[in-house]
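Working notes, structure below.
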Amino acid sequence: MREPQVKSIAALARGVQVLQMLQGAGALTLADLHRLSGIPKASLLRILKTLKEQGMIWQRMVDDAYVPSYSLAELAGRMDREHALVEVASPVLEALSDRIKWPSVLAVPRLTHMEVLETNAPRAYFDMIPLGPVGFRVNMLRSASGRAYLASCEAGVREAILDALRRSEHPGDRVARDPAYVVRLIDEARAQGYALRDPDFGGDFDAGRAVADDGRDSLGVAIVLDNHVPGAINITWSRRVFKRDKAVAQFADAAREAAAEIAARLSGRI
């Protein structure tokens with residue numbers, strides 16, 4: 001790969017060096033950092049102040065040592081778990097597309113929405129339905145994957161999600177303020193073992209089908225482990241090809257089996 005002809009940022013490099021030293025050691029004082037890095041203490045203090053302000057480190061009272069933030073470890077742990085999820089889910093989604101021909105996504109929760117991590121759309125026979133892309137935000141309460149996740153996740157997690165959605169200013173989240181609507185969608189998903197899109201959901205995060213309609217419908221199933229729910233998969237089809245009842249008859253079992261296989265594979269990795 002051709003390297004761009006630009007200069008690196010020396011101050012940033014020193015900041016990264018300090019953060020890596022703290023992560024490797026667990027905790028270091030200013031004197032430790034000066035001795036190990038050779039960076040002047042005045043420069044170190046500026047670097048440490050910046051890292052503290054960005055929430056990357058904190059200073060312990062007992063010995064004034066600097067310590068990496070727990071949030072960094074949590075972020076790294078979450079990324080590791082999601083990498084494992086994608087790794088085990090990808091071949092299952094590929095087999096699913098071979099079986100049913102229509103595309104799917106793997107999505108994970110981001111409190112107020114679902115985020116796409118993987119899709120088999122490029123491998124699906126019916127590739128006129130592009131899904132994703134990776135990083136795409138999916139409405140939590142109106143999409144099939146969001147509803148499947150919400151119906152299956154832990155009670156405390158569900159209440160935190162609903163509380164955030166009730167306070168959301170997005171028009172697409174307003175349904176969270178209707179308790180009967182929320183109870184109905186959760187009860188239906190649990191009774192069926194899968195979730196379906198809101199009838200007025202046309203793929204747009206906020207707008208209804210009268211404004212934005214992708215011509216599709218979807219069925220979602222949560223990936224359920226013993227102690228948590230890492231995400232959900234879906235199957236999407238064209239409404240011109242399948243009415244909902246026919247699609248459910250053809251796809252529900254395949255989606256449930258794929259989600260169960262992902263869970264079984266993942267349980268051996270964590």
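Residue numbering restarts at 1 for every chain of the structure tokens, chains are lettered A, B, ... in their displayed order, and ligands are numbered from 1 as they appear.
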Problem set entry | Residue contacts of segment 115-122 of chain A (8 Å, only C-alpha atoms) excluding same-chain residues fewer than 4 positions away, as a list in words | Val86, Ser90, Leu93, Glu94, Ser97, Trp102, Pro103, Ser104, Val105, Leu106, Ala107, Val108, Pro109, Arg110, Asp127, Ile129, Pro130, Leu131, Gly132, Pro133, Val134, Gly135, Phe136, Arg137 and Val138 of chain A
For this session: Using only C-alpha atoms, determine which residues lie at most 10 Å from segment 53-60 of chain A, disregarding the query and same-chain residues fewer than 3 positions distant; provide the list as number ranges by chain.
Result: A: 19, 22-23, 27-29, 47-50, 63-73
What does the file look like for those residues with N, CA and C atoms, as a PDB file, in the first residue's frame?
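Result written to selection-v3.pdb:
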ATOM      1  N   LEU A  19       0.039   6.085  26.985  1.00  0.00           N
ATOM      2  CA  LEU A  19      -1.145   5.252  27.227  1.00  0.00           C
ATOM      3  C   LEU A  19      -0.783   3.773  27.153  1.00  0.00           C
ATOM      4  N   LEU A  22       0.969   2.727  30.345  1.00  0.00           N
ATOM      5  CA  LEU A  22       0.037   2.585  31.455  1.00  0.00           C
ATOM      6  C   LEU A  22      -0.782   1.301  31.316  1.00  0.00           C
ATOM      7  N   GLN A  23      -1.204   0.982  30.105  1.00  0.00           N
ATOM      8  CA  GLN A  23      -1.975  -0.240  29.899  1.00  0.00           C
ATOM      9  C   GLN A  23      -1.130  -1.480  30.169  1.00  0.00           C
ATOM     10  N   ALA A  27      -0.475   0.668  36.331  1.00  0.00           N
ATOM     11  CA  ALA A  27      -0.443   1.941  37.060  1.00  0.00           C
ATOM     12  C   ALA A  27       1.008   2.415  37.134  1.00  0.00           C
ATOM     13  N   LEU A  28       1.216   3.702  36.875  1.00  0.00           N
ATOM     14  CA  LEU A  28       2.553   4.294  36.947  1.00  0.00           C
ATOM     15  C   LEU A  28       2.452   5.718  37.471  1.00  0.00           C
ATOM     16  N   THR A  29       3.428   6.109  38.282  1.00  0.00           N
ATOM     17  CA  THR A  29       3.489   7.488  38.751  1.00  0.00           C
ATOM     18  C   THR A  29       4.149   8.355  37.690  1.00  0.00           C
ATOM     19  N   ILE A  47       0.417  15.659  28.627  1.00  0.00           N
ATOM     20  CA  ILE A  47      -0.147  14.440  28.046  1.00  0.00           C
ATOM     21  C   ILE A  47      -1.138  13.792  29.007  1.00  0.00           C
ATOM     22  N   LEU A  48      -0.752  13.683  30.275  1.00  0.00           N
ATOM     23  CA  LEU A  48      -1.616  13.039  31.274  1.00  0.00           C
ATOM     24  C   LEU A  48      -2.895  13.837  31.497  1.00  0.00           C
ATOM     25  N   LYS A  49      -2.792  15.143  31.480  1.00  0.00           N
ATOM     26  CA  LYS A  49      -3.986  15.988  31.631  1.00  0.00           C
ATOM     27  C   LYS A  49      -4.948  15.759  30.460  1.00  0.00           C
ATOM     28  N   THR A  50      -4.402  15.665  29.261  1.00  0.00           N
ATOM     29  CA  THR A  50      -5.240  15.435  28.088  1.00  0.00           C
ATOM     30  C   THR A  50      -5.915  14.072  28.152  1.00  0.00           C
ATOM     31  N   ASP A  63      -1.401   6.866  45.900  1.00  0.00           N
ATOM     32  CA  ASP A  63       0.000   7.058  45.537  1.00  0.00           C
ATOM     33  C   ASP A  63       0.186   7.996  44.351  1.00  0.00           C
ATOM     34  N   ASP A  64      -0.895   8.663  43.918  1.00  0.00           N
ATOM     35  CA  ASP A  64      -0.872   9.581  42.778  1.00  0.00           C
ATOM     36  C   ASP A  64      -0.497   8.894  41.468  1.00  0.00           C
ATOM     37  N   ALA A  65      -0.614   7.570  41.420  1.00  0.00           N
ATOM     38  CA  ALA A  65      -0.296   6.861  40.179  1.00  0.00           C
ATOM     39  C   ALA A  65      -1.423   7.066  39.165  1.00  0.00           C
ATOM     40  N   TYR A  66      -1.073   6.996  37.892  1.00  0.00           N
ATOM     41  CA  TYR A  66      -2.030   7.104  36.798  1.00  0.00           C
ATOM     42  C   TYR A  66      -2.432   5.702  36.353  1.00  0.00           C
ATOM     43  N   VAL A  67      -3.742   5.510  36.129  1.00  0.00           N
ATOM     44  CA  VAL A  67      -4.295   4.186  35.866  1.00  0.00           C
ATOM     45  C   VAL A  67      -5.172   4.253  34.612  1.00  0.00           C
ATOM     46  N   PRO A  68      -5.080   3.255  33.723  1.00  0.00           N
ATOM     47  CA  PRO A  68      -5.972   3.247  32.541  1.00  0.00           C
ATOM     48  C   PRO A  68      -7.428   3.148  32.972  1.00  0.00           C
ATOM     49  N   SER A  69      -8.289   3.844  32.254  1.00  0.00           N
ATOM     50  CA  SER A  69      -9.708   3.836  32.587  1.00  0.00           C
ATOM     51  C   SER A  69     -10.311   2.458  32.365  1.00  0.00           C
ATOM     52  N   TYR A  70     -11.213   2.077  33.254  1.00  0.00           N
ATOM     53  CA  TYR A  70     -11.942   0.819  33.105  1.00  0.00           C
ATOM     54  C   TYR A  70     -12.745   0.802  31.812  1.00  0.00           C
ATOM     55  N   SER A  71     -13.196   1.997  31.363  1.00  0.00           N
ATOM     56  CA  SER A  71     -13.996   2.061  30.141  1.00  0.00           C
ATOM     57  C   SER A  71     -13.220   1.569  28.935  1.00  0.00           C
ATOM     58  N   LEU A  72     -11.894   1.768  28.925  1.00  0.00           N
ATOM     59  CA  LEU A  72     -11.078   1.268  27.819  1.00  0.00           C
ATOM     60  C   LEU A  72     -11.072  -0.257  27.802  1.00  0.00           C
ATOM     61  N   ALA A  73     -10.944  -0.844  28.982  1.00  0.00           N
ATOM     62  CA  ALA A  73     -10.969  -2.307  29.065  1.00  0.00           C
ATOM     63  C   ALA A  73     -12.336  -2.846  28.657  1.00  0.00           C
TER      64      ALA A  73
END
For this session: Enumerate the residues of segment 91-223 of chain A with a DSSP assignment of helix (DSSP H, G or I), computed from the backbone, and present them as a PyMOL selection string.
Result: chain A and resi 91-100+121-123+144-152+155-166+171-177+179-192
For this session: Can you work out the spacing between atom CA of Ile100 of chain A and atom CA of Arg244 of chain A in Å, to one decimal?
Result: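 It comes out at 15.2 Å.
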Exercise. Separation of atom CA of Ile161 of chain A and atom CA of His113 of chain A, in Å?
Worked result: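 Atom-to-atom, atom CA of Ile161 of chain A and atom CA of His113 of chain A are spaced 8.8 Å apart.
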Exercise. So which residues touch Leu111 of chain A within 10 Å, counting only C-alpha atoms, skipping near sequence neighbours fewer than 4 positions away, as a ChimeraX atom specification?
Worked result: /A:115,140,157-158,160-165
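Taking atom CA of Arg197 of chain A and atom CA of Ile235 of chain A as endpoints, the distance between them is 10.9 Å.
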